[in-house]
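Here's protein08.txt, which has compact mmCIF, C-alpha atoms:
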```txt
# COMPACT_ATOMS: atom_id res chain seq x y z
CA MET A 202 96.88 156.28 178.68
CA SER A 203 99.45 158.96 179.45
CA TYR A 204 101.54 160.51 176.69
CA ALA A 205 104.71 158.90 178.10
CA ALA A 206 103.07 155.47 178.17
CA ALA A 207 101.78 155.86 174.64
CA MET A 208 105.23 156.82 173.38
CA SER A 209 106.73 153.66 174.90
CA ILE A 210 104.48 151.39 172.84
CA SER A 211 105.38 150.62 169.25
CA PRO A 212 102.61 151.94 167.01
CA ILE A 213 100.84 150.39 164.05
CA LEU A 214 101.36 152.35 160.84
CA CYS A 215 98.51 152.21 158.31
CA VAL A 216 99.36 153.32 154.77
CA ALA A 217 97.03 154.91 152.22
CA GLY A 218 97.88 156.60 148.98
CA ALA A 219 95.08 156.54 146.42
CA ARG A 220 91.31 157.00 146.49
CA PRO A 221 90.37 153.29 146.82
CA ASN A 222 92.72 152.97 149.78
CA MET A 223 90.61 155.39 151.80
CA MET A 224 87.55 153.15 151.91
CA LYS A 225 89.74 150.20 152.89
CA VAL A 226 91.88 151.84 155.54
CA ALA A 227 89.15 153.82 157.34
CA PRO A 228 87.32 150.86 158.92
CA VAL A 229 90.60 149.07 159.67
CA ILE A 230 91.98 152.05 161.58
CA ALA A 231 88.72 152.42 163.52
CA ALA A 232 88.64 148.71 164.42
CA LEU A 233 92.29 148.66 165.47
CA ARG A 234 91.74 151.65 167.73
CA ARG A 235 88.70 150.00 169.33
CA THR A 236 90.47 146.71 169.86
CA ASP A 237 93.85 147.71 171.29
CA ALA A 238 95.41 150.61 173.18
CA ARG A 239 98.39 150.55 170.83
CA PRO A 240 98.75 153.84 168.89
CA VAL A 241 97.57 153.65 165.28
CA ARG A 242 99.09 156.18 162.90
CA LEU A 243 97.95 156.98 159.36
CA VAL A 244 100.57 157.63 156.70
CA HIS A 245 99.27 159.20 153.49
CA THR A 246 101.72 158.94 150.61
CA GLY A 247 99.98 161.54 148.43
CA GLN A 248 99.69 159.31 145.37
CA HIS A 249 96.31 160.99 144.84
CA TYR A 250 96.72 164.55 145.97
CA ASP A 251 94.02 166.79 144.47
CA GLU A 252 90.83 167.75 146.27
CA GLY A 253 88.54 165.58 144.14
CA MET A 254 90.62 162.44 144.52
CA ASN A 255 91.89 162.85 148.07
CA ALA A 256 90.77 165.35 150.72
CA VAL A 257 87.05 164.91 150.10
CA PHE A 258 87.36 161.21 151.00
CA PHE A 259 88.90 162.05 154.37
CA ARG A 260 85.88 164.23 155.09
CA ASP A 261 83.29 161.76 153.81
CA LEU A 262 84.76 158.80 155.68
CA GLY A 263 85.45 160.69 158.90
CA ILE A 264 89.20 159.99 158.76
CA ASP A 265 91.39 162.28 160.85
CA PRO A 266 94.14 164.13 158.96
CA PRO A 267 97.11 161.84 158.37
CA ASP A 268 99.81 161.73 161.01
CA ASP A 269 102.39 161.83 158.24
CA ALA A 270 101.95 163.03 154.65
CA LEU A 271 104.64 162.08 152.14
CA ALA A 272 103.31 164.27 149.30
CA VAL A 273 104.92 162.21 146.52
CA GLY A 274 102.60 163.53 143.80
CA SER A 275 102.38 162.24 140.25
CA ALA A 276 105.28 160.52 138.47
CA SER A 277 106.17 157.39 136.53
CA HIS A 278 105.73 154.06 138.33
CA ALA A 279 109.46 153.80 139.04
CA GLN A 280 109.82 157.40 140.19
CA MET A 281 106.73 157.25 142.40
CA THR A 282 107.72 153.95 144.01
CA ALA A 283 111.22 155.26 144.68
CA ARG A 284 109.95 158.53 146.18
CA ILE A 285 107.57 156.70 148.48
CA MET A 286 110.33 154.37 149.67
CA GLU A 287 112.73 157.26 150.28
CA ARG A 288 110.15 159.21 152.30
CA PHE A 289 108.63 156.25 154.16
CA GLU A 290 111.89 154.74 155.37
CA PRO A 291 112.68 157.56 157.86
CA LEU A 292 109.20 157.17 159.39
CA VAL A 293 109.74 153.47 159.99
CA GLU A 294 113.17 154.13 161.48
CA ARG A 295 111.70 156.85 163.69
CA ASP A 296 108.64 154.94 164.94
CA ARG A 297 109.93 151.34 164.86
CA PRO A 298 106.32 150.18 164.42
CA ALA A 299 105.05 146.83 165.62
CA LEU A 300 103.27 146.40 162.30
CA VAL A 301 102.79 148.19 158.99
CA VAL A 302 99.38 147.74 157.36
CA VAL A 303 99.16 148.24 153.60
CA VAL A 304 95.97 147.98 151.57
CA GLY A 305 95.07 147.28 147.97
CA ASP A 306 97.42 147.18 145.00
CA VAL A 307 98.77 150.66 144.27
CA ASN A 308 102.42 151.76 144.17
CA SER A 309 102.19 152.87 147.80
CA THR A 310 101.31 149.29 148.76
CA ILE A 311 104.43 147.63 147.39
CA ALA A 312 106.75 150.54 148.20
CA CYS A 313 105.88 150.63 151.90
CA ALA A 314 105.82 146.85 152.18
CA LEU A 315 109.35 146.67 150.74
CA VAL A 316 110.71 149.31 153.11
CA SER A 317 109.13 147.64 156.14
CA THR A 318 110.29 144.15 155.28
CA LYS A 319 113.88 145.27 154.69
CA LEU A 320 113.87 146.99 158.08
CA GLY A 321 112.55 143.89 159.81
CA VAL A 322 109.05 145.25 160.49
CA PRO A 323 106.11 142.84 159.96
CA VAL A 324 103.69 143.72 157.16
CA ALA A 325 99.94 143.06 156.99
CA HIS A 326 98.35 143.21 153.54
CA VAL A 327 94.63 143.93 153.41
CA GLU A 328 93.03 142.60 150.19
CA SER A 329 95.58 139.87 149.57
CA GLY A 330 95.39 137.13 146.97
CA LEU A 331 93.41 138.92 144.27
CA ARG A 332 94.70 138.06 140.81
CA SER A 333 93.74 139.15 137.30
CA PHE A 334 96.53 136.95 135.83
CA ASP A 335 97.38 139.89 133.58
CA ARG A 336 100.98 140.96 134.16
CA ALA A 337 100.45 143.93 131.84
CA MET A 338 98.54 145.55 134.73
CA PRO A 339 100.95 147.35 137.08
CA GLU A 340 98.54 146.55 139.92
CA GLU A 341 99.01 142.83 139.34
CA ILE A 342 102.75 143.13 139.88
CA ASN A 343 102.12 145.08 143.07
CA ARG A 344 99.69 142.43 144.35
CA VAL A 345 101.95 139.45 143.71
CA LEU A 346 105.08 141.01 145.18
CA THR A 347 103.34 142.46 148.24
CA ASP A 348 101.80 139.10 149.08
CA GLN A 349 105.16 137.35 148.87
CA ILE A 350 106.75 139.60 151.52
CA SER A 351 103.78 140.12 153.87
CA ASP A 352 103.48 138.39 157.23
CA LEU A 353 99.69 138.65 157.57
CA LEU A 354 97.58 138.27 154.44
CA PHE A 355 93.94 139.32 154.83
CA VAL A 356 91.82 137.93 152.00
CA SER A 357 88.43 139.20 150.83
CA GLU A 358 87.17 136.24 148.76
CA PRO A 359 87.86 132.49 148.41
CA SER A 360 89.73 132.86 145.10
CA GLY A 361 92.41 134.74 147.00
CA VAL A 362 93.04 131.82 149.33
CA ALA A 363 93.40 129.47 146.34
CA ASN A 364 95.72 131.87 144.52
CA LEU A 365 98.03 132.24 147.51
CA ALA A 366 98.18 128.48 148.02
CA ARG A 367 99.10 128.05 144.35
CA GLU A 368 101.91 130.57 144.81
CA GLY A 369 103.34 128.70 147.80
CA VAL A 370 102.35 131.15 150.52
CA ASP A 371 102.27 129.53 153.96
CA ALA A 372 98.61 128.96 154.87
CA ALA A 373 99.33 130.05 158.46
CA ARG A 374 99.86 133.60 157.16
CA VAL A 375 96.56 133.67 155.24
CA HIS A 376 93.23 134.75 156.77
CA LEU A 377 89.90 134.91 154.92
CA VAL A 378 88.26 137.85 156.68
CA GLY A 379 85.83 139.37 154.16
CA ASN A 380 85.81 142.69 152.37
CA VAL A 381 86.64 145.93 154.19
CA MET A 382 85.19 147.94 151.27
CA ILE A 383 81.81 146.58 152.29
CA ASP A 384 82.45 147.65 155.89
CA SER A 385 82.72 151.24 154.64
CA LEU A 386 79.73 150.85 152.34
CA GLN A 387 77.44 149.56 155.08
CA ALA A 388 78.62 152.16 157.58
CA ASN A 389 77.95 155.05 155.20
CA LEU A 390 75.03 153.97 153.01
CA ALA A 391 72.47 155.87 155.06
CA ARG A 392 74.52 159.05 154.53
CA ALA A 393 74.88 158.62 150.78
CA ALA A 394 73.97 161.67 148.75
CA ALA A 395 70.88 161.73 146.54
CA PRO A 396 71.90 161.42 142.87
CA ALA A 397 69.93 164.50 141.84
CA THR A 398 71.81 166.55 144.42
CA THR A 399 75.16 165.24 143.22
CA VAL A 400 74.38 165.92 139.58
CA ALA A 401 73.05 169.40 140.33
CA ARG A 402 76.24 170.19 142.24
CA GLY A 403 78.16 169.19 139.14
CA GLY A 404 76.58 172.09 137.28
CA GLY A 405 75.02 170.19 134.37
CA ARG A 406 72.19 172.05 132.65
CA ASP A 407 68.90 170.52 133.76
CA ALA A 408 70.95 167.48 134.74
CA ALA A 409 69.12 166.68 137.95
CA GLY A 410 65.81 166.44 136.14
CA ARG A 411 67.23 164.26 133.41
CA ILE A 412 68.13 161.45 135.83
CA GLY A 413 64.82 161.46 137.67
CA GLU A 414 63.45 158.49 135.72
CA GLY A 415 66.57 156.37 136.09
CA PHE A 416 70.16 156.50 134.86
CA ALA A 417 73.34 154.58 134.16
CA LEU A 418 76.60 155.36 135.94
CA LEU A 419 79.96 155.30 134.15
CA THR A 420 83.50 155.37 135.53
CA LEU A 421 86.53 155.09 133.28
CA HIS A 422 90.20 155.54 134.11
CA ARG A 423 92.40 152.52 133.31
CA PRO A 424 95.26 153.14 130.89
CA SER A 425 94.14 150.24 128.71
CA ASN A 426 90.86 152.08 128.10
CA VAL A 427 91.83 155.73 128.04
CA ASP A 428 95.42 155.96 126.77
CA ASP A 429 94.67 154.62 123.29
CA GLN A 430 92.69 157.05 121.14
CA ALA A 431 90.86 154.37 119.13
CA THR A 432 89.80 152.47 122.24
CA LEU A 433 88.63 155.58 124.06
CA THR A 434 86.77 156.83 121.00
CA GLY A 435 84.98 153.51 120.63
CA LEU A 436 83.97 153.54 124.28
CA LEU A 437 82.65 157.09 124.09
CA ASP A 438 80.70 156.13 120.95
CA VAL A 439 78.91 153.31 122.73
CA VAL A 440 78.32 155.51 125.78
CA ALA A 441 76.61 158.04 123.52
CA ASP A 442 74.33 155.27 122.21
CA ILE A 443 73.50 154.18 125.76
CA ALA A 444 72.84 157.78 126.80
CA ALA A 445 70.26 158.09 124.02
CA ALA A 446 68.29 155.32 125.72
CA LEU A 447 69.10 156.01 129.38
CA PRO A 448 70.86 159.06 130.84
CA VAL A 449 74.49 158.35 131.74
CA VAL A 450 76.13 160.07 134.70
CA PHE A 451 79.89 160.21 134.15
CA PRO A 452 82.18 161.57 136.91
CA VAL A 453 85.30 162.12 134.81
CA HIS A 454 88.61 161.03 136.32
CA PRO A 455 91.39 163.64 135.89
CA ARG A 456 93.46 161.17 133.85
CA THR A 457 90.53 160.45 131.57
CA ARG A 458 89.70 164.11 131.07
CA ALA A 459 93.30 164.83 130.14
CA ARG A 460 93.20 162.09 127.50
CA ILE A 461 89.83 163.26 126.16
CA GLU A 462 91.22 166.76 125.78
CA SER A 463 94.51 165.65 124.20
CA PHE A 464 92.66 163.46 121.66
CA GLY A 465 90.29 166.28 120.71
CA LEU A 466 87.23 164.43 122.03
CA VAL A 467 85.83 167.06 124.39
CA GLN A 468 82.66 167.39 122.31
CA ARG A 469 81.84 163.78 123.20
CA LEU A 470 81.12 164.96 126.73
CA GLU A 471 78.29 167.09 125.36
CA GLU A 472 76.29 164.20 123.88
CA PRO A 473 72.53 164.29 124.66
CA GLY A 474 71.79 162.35 127.81
CA LEU A 475 75.43 162.28 128.99
CA VAL A 476 76.02 164.13 132.27
CA ALA A 477 79.76 164.72 132.66
CA LEU A 478 80.78 165.67 136.19
CA PRO A 479 84.05 166.48 137.93
CA PRO A 480 85.28 163.77 140.33
CA VAL A 481 82.77 163.18 143.13
CA GLY A 482 83.25 162.30 146.78
CA TYR A 483 82.65 158.93 148.37
CA LEU A 484 79.15 159.68 149.66
CA GLU A 485 78.16 161.08 146.26
CA MET A 486 79.52 158.06 144.42
CA LEU A 487 77.80 155.75 146.88
CA GLY A 488 74.47 157.44 146.20
CA LEU A 489 75.01 157.21 142.44
CA MET A 490 75.84 153.50 142.63
CA ARG A 491 72.94 152.73 144.95
CA ASP A 492 70.33 154.30 142.69
CA ALA A 493 71.74 153.52 139.24
CA ARG A 494 69.91 151.05 137.04
CA ILE A 495 73.23 149.87 135.66
CA VAL A 496 76.89 150.67 136.26
CA LEU A 497 79.61 150.59 133.61
CA THR A 498 83.13 150.68 135.02
CA ASP A 499 86.75 149.61 134.74
CA SER A 500 87.29 150.03 138.50
CA GLY A 501 88.04 147.09 140.75
CA GLY A 502 86.30 148.34 143.88
CA ILE A 503 83.10 149.34 142.09
CA GLN A 504 82.68 145.74 140.95
CA GLU A 505 82.54 144.79 144.63
CA GLU A 506 80.32 147.66 145.72
CA THR A 507 77.72 147.03 143.00
CA THR A 508 77.61 143.36 143.97
CA ALA A 509 76.96 144.34 147.58
CA LEU A 510 74.26 146.77 146.44
CA GLY A 511 72.65 144.32 144.00
CA VAL A 512 73.12 146.70 141.04
CA PRO A 513 73.97 145.20 137.59
CA CYS A 514 77.54 146.02 136.61
CA LEU A 515 79.27 145.82 133.23
CA THR A 516 83.03 145.79 133.70
CA LEU A 517 84.89 147.30 130.77
CA ARG A 518 87.83 144.95 131.10
CA ALA A 519 88.78 141.54 129.68
CA ASN A 520 89.59 140.17 133.14
CA THR A 521 88.95 140.77 136.81
CA GLU A 522 90.91 140.07 139.97
CA ARG A 523 87.57 139.83 141.78
CA PRO A 524 85.93 136.75 140.21
CA VAL A 525 83.45 136.33 143.05
CA THR A 526 81.63 139.40 141.70
CA VAL A 527 81.06 137.51 138.44
CA ASP A 528 80.46 134.03 139.89
CA GLN A 529 78.16 135.11 142.72
CA GLY A 530 77.48 138.81 142.24
CA THR A 531 75.99 141.16 139.67
CA ASN A 532 79.11 141.71 137.56
CA THR A 533 79.60 140.82 133.87
CA LEU A 534 82.88 141.22 132.00
CA VAL A 535 82.40 142.87 128.61
CA GLY A 536 85.85 144.24 127.73
CA SER A 537 86.09 147.31 125.51
CA ASP A 538 84.35 145.92 122.42
CA PRO A 539 81.46 148.30 121.58
CA GLU A 540 79.17 145.61 120.18
CA ARG A 541 79.61 143.40 123.22
CA ILE A 542 78.86 146.34 125.50
CA ARG A 543 75.74 147.26 123.49
CA ALA A 544 74.48 143.68 123.63
CA ALA A 545 75.05 143.37 127.38
CA PHE A 546 73.36 146.72 128.04
CA ALA A 547 70.34 145.70 125.95
CA ASP A 548 70.12 142.41 127.84
CA ILE A 549 70.07 144.17 131.20
CA ARG A 550 67.43 146.58 129.95
CA ARG A 551 65.35 143.61 128.85
CA THR A 552 65.87 141.20 131.79
CA GLY A 553 66.95 143.40 134.69
CA GLY A 554 70.43 141.84 134.78
CA LYS A 555 72.01 139.32 137.10
CA ALA A 556 70.35 139.07 140.50
CA GLY A 557 73.46 137.82 142.25
CA ARG A 558 74.03 137.49 145.97
CA VAL A 559 76.35 139.00 148.55
CA PRO A 560 79.43 136.77 149.02
CA GLU A 561 80.37 135.09 152.28
CA LEU A 562 81.80 137.38 154.98
CA TRP A 563 80.85 140.56 153.12
CA ASP A 564 78.88 141.45 156.23
CA GLY A 565 80.42 144.75 157.36
CA ARG A 566 82.64 143.10 159.98
CA ALA A 567 85.83 142.31 158.05
CA SER A 568 87.78 145.04 159.83
CA GLU A 569 86.75 143.63 163.21
CA ARG A 570 88.16 140.24 162.22
CA ILE A 571 91.37 141.89 161.05
CA ALA A 572 91.76 143.81 164.30
CA ALA A 573 91.25 140.66 166.38
CA ILE A 574 93.95 138.78 164.44
CA VAL A 575 96.34 141.72 164.72
CA ARG A 576 95.71 141.99 168.46
CA ASP A 577 96.56 138.32 168.93
CA ARG A 578 99.64 138.61 166.73
CA LEU A 579 100.97 141.60 168.65
CA SER A 580 99.97 140.49 172.15
CA ASP A 581 103.57 139.81 173.13
CA ARG A 582 105.08 142.88 171.43
CA PRO A 583 106.05 146.03 173.36
```
Written as structure tokens, that's how I'd like the structure from this file.
Amino acid sequence: MSYAAAMSISPILCVAGARPNMMKVAPVIAALRRTDARPVRLVHTGQHYDEGMNAVFFRDLGIDPPDDALAVGSASHAQMTARIMERFEPLVERDRPALVVVVGDVNSTIACALVSTKLGVPVAHVESGLRSFDRAMPEEINRVLTDQISDLLFVSEPSGVANLAREGVDAARVHLVGNVMIDSLQANLARAAAPATTVARGGGRDAAGRIGEGFALLTLHRPSNVDDQATLTGLLDVVADIAAALPVVFPVHPRTRARIESFGLVQRLEEPGLVALPPVGYLEMLGLMRDARIVLTDSGGIQEETTALGVPCLTLRANTERPVTVDQGTNTLVGSDPERIRAAFADIRRTGGKAGRVPELWDGRASERIAAIVRDRLSDRP
């Protein structure tokens, strides 16, 4: 297609802002580009902006540099959402896209969906319908509002279809397509880094050798777990107990490290058997998840990835917006209670944990189904 012809066709804008968005948007962009000649542009809001939480994922996932970078940086929820809207609106007015694709549940998701809807541009939401039913989670507000104003709702698990029906969303807008996170996982699993290599790169003393006989993986970043000193202290106490029995590899999120430092808990990162690392890239995290004996996390996406990998997962939350990982997968909710976590860890050590199974349509082809639906929807658009 000539440059002039390409410029005459309304593009599709795909929005990403935070680390989990990268794994969701990468296969969608690739599938859209394979399916249609319509230009597909990536807008990166800059909600995650440091090397460990951003650029490394572009490299690992083979994503081209964004066509537009909004560079909003860190701020309060209100300030960040407002900045994104202010900086995204001129792009929509400039490009007059045929469709804006938003993914996940971060501030970038709702901000760009609001701008697009108010300018009369259709919105597609990838990962629609997930609900924790906990309005104290900012992500839950983003999910509910984005789904209400989206034109195409792409759902990853059956609970999402039921939730949207309960909320009165027109079934014609809802499409159960599977999980794009698993598309990325399957496409990159063969390239995943060996855990010993990842740990050695983190600089831990004799760390690579310490995980040779098996290890647990920990991720921790949610405000409910890290912003309260008593809660965080209790979690680090139980992690130290687990590390005495099985080495624990802990890539420390920047937010979590800041809280650990402000609470005077830095020495807890030096516990025997605990391997504290800086944030790791996607391929490194994938290798750690694949080879871990058990994963402890408060992340949403890791619940899905461990289910796909068949690795037992203890989710350090009282609820989950991904119930299929509990009902069918390898996930168990344990909250932040130290005794409950200890008991669940001991049970997995004794029994091997839940076997689980991979849910329906988590087959690595969700993005293809999305692209086909988008192509049909836009077939009569210039």
Task: Closest of A:Asp429, A:Asp348, A:Glu328, A:Glu287 to Val273 (chain A) - atom-to-atom distances counting only C-alpha atoms - done: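 Distance minimum relative to Val273 (chain A) lands on A:Glu287.
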TODO: Find the residues around Arg458 (chain A) up to 10 Å (all atoms listed in the file counted), leave out those fewer than 6 positions away in its own chain, and share them as a PyMOL selection string.
DONE: chain A and resi 421-422+427+452+464+466-467+470+479
Written file, previous selection with C-alpha atoms, as an mmCIF file, in the coordinates of the input:
```cif
data_model
loop_
_atom_site.group_PDB
_atom_site.id
_atom_site.type_symbol
_atom_site.label_atom_id
_atom_site.label_comp_id
_atom_site.auth_asym_id
_atom_site.auth_seq_id
_atom_site.Cartn_x
_atom_site.Cartn_y
_atom_site.Cartn_z
ATOM 1 C CA LEU A 421 86.530 155.090 133.280
ATOM 2 C CA HIS A 422 90.200 155.540 134.110
ATOM 3 C CA VAL A 427 91.830 155.730 128.040
ATOM 4 C CA PRO A 452 82.180 161.570 136.910
ATOM 5 C CA PHE A 464 92.660 163.460 121.660
ATOM 6 C CA LEU A 466 87.230 164.430 122.030
ATOM 7 C CA VAL A 467 85.830 167.060 124.390
ATOM 8 C CA LEU A 470 81.120 164.960 126.730
ATOM 9 C CA PRO A 479 84.050 166.480 137.930
#
```
Task: Top pick for closest residue to His454 (chain A), considering A:Arg234, A:Arg220, A:Ala366, A:Ala272 and counting all atoms listed in the file - done: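 That would be A:Arg220, the residue with the smallest distance to His454 (chain A).
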Task: Shell of 12 Å around Gly465 (chain A), only C-alpha atoms, local chain residues under 4 positions omitted, as a ChimeraX atom specification - done: /A:430,433-434,458-461,469-470
- [ ] Could you tell me which of A:Leu262, A:Leu271, A:Ala279, A:Leu517 comes closest to Leu292 (chain A) if we count all atoms listed in the file?
- [x] A:Leu271
Task: Nearest to Ala227 (chain A) by atom-to-atom distance, counting all atoms listed in the file, from A:Thr347, A:Ser385, A:Ser329, A:Ser360 - done: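 The closest residue to Ala227 (chain A) is A:Ser385.
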Open item on the list: as number ranges by chain, please: the residues near Glu569 (chain A) (cut-off 10 Å, only C-alpha atoms, same-chain neighbours under 2 positions excluded).
Closed with: A: 228-229, 231-233, 235-236, 378, 381, 384, 565-567, 571-575
With C-alpha atoms retained, export the selected residues as a CSV table (one decimal), keeping the file's coordinate frame.
```
chain,number,residue,atom,x,y,z
A,228,PRO,CA,87.3,150.9,158.9
A,229,VAL,CA,90.6,149.1,159.7
A,231,ALA,CA,88.7,152.4,163.5
A,232,ALA,CA,88.6,148.7,164.4
A,233,LEU,CA,92.3,148.7,165.5
A,235,ARG,CA,88.7,150.0,169.3
A,236,THR,CA,90.5,146.7,169.9
A,378,VAL,CA,88.3,137.8,156.7
A,381,VAL,CA,86.6,145.9,154.2
A,384,ASP,CA,82.4,147.6,155.9
A,565,GLY,CA,80.4,144.8,157.4
A,566,ARG,CA,82.6,143.1,160.0
A,567,ALA,CA,85.8,142.3,158.0
A,571,ILE,CA,91.4,141.9,161.0
A,572,ALA,CA,91.8,143.8,164.3
A,573,ALA,CA,91.2,140.7,166.4
A,574,ILE,CA,94.0,138.8,164.4
A,575,VAL,CA,96.3,141.7,164.7
```
Task: CA of Asn380 (chain A) to CA of Thr507 (chain A), straight-line distance in Å - done: 13.1 Å
Give me, as JSON lines, each residue of region 418-503 of chain A that comes within 10 Å of region 334-340 of chain A, together with its shortest interatomic pair and the distance in Å at one decimal, counting only C-alpha atoms, with rows ordered by chain and rising residue number.
```
{"residue": "A:Arg423", "atom": "CA", "partner": "A:Met338", "partner_atom": "CA", "distance": 9.4}
{"residue": "A:Pro424", "atom": "CA", "partner": "A:Met338", "partner_atom": "CA", "distance": 9.1}
{"residue": "A:Ser425", "atom": "CA", "partner": "A:Met338", "partner_atom": "CA", "distance": 8.8}
```
Open item on the list: Which residue is closest to Val440 (chain A)? Choose from A:Thr282, A:Thr399, A:Ser537, A:Asn343 and count all atoms listed in the file.
Closed with: A:Ser537
TODO: Kindly indicate which residue among A:Ala219, A:Ile503, A:Val449, A:Ile542 lies nearest to Leu436 (chain A), using all atoms listed in the file for the distances.
DONE: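 Of A:Ala219, A:Ile503, A:Val449, A:Ile542, the one nearest Leu436 (chain A) is A:Ile542, counting all atoms listed in the file.
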- [ ] Would you work out the distance separating CA of Pro513 (chain A) from CA of Phe259 (chain A), expressed in Å to one decimal?
- [x] 28.1 Å
Task: Two-atom distance - CA of Ser275 (chain A), CA of Val226 (chain A) (Å) - done: 21.3 Å
Task: Non-local contacts of Pro266 (chain A) (10 Å; all atoms listed in the file; under 6 positions in same chain excluded) as a list in words - done: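 These residues fall inside the cut-off: Leu243, Val244, His245, Ala256, Phe259 and Arg260 of chain A.
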Task: Ala270 (chain A) environment, 12 Å, all atoms listed in the file, sequence neighbours closer than 4 positions dropped, as a PyMOL selection string - done: chain A and resi 215-218+242-250+266+274+285+288-289+292
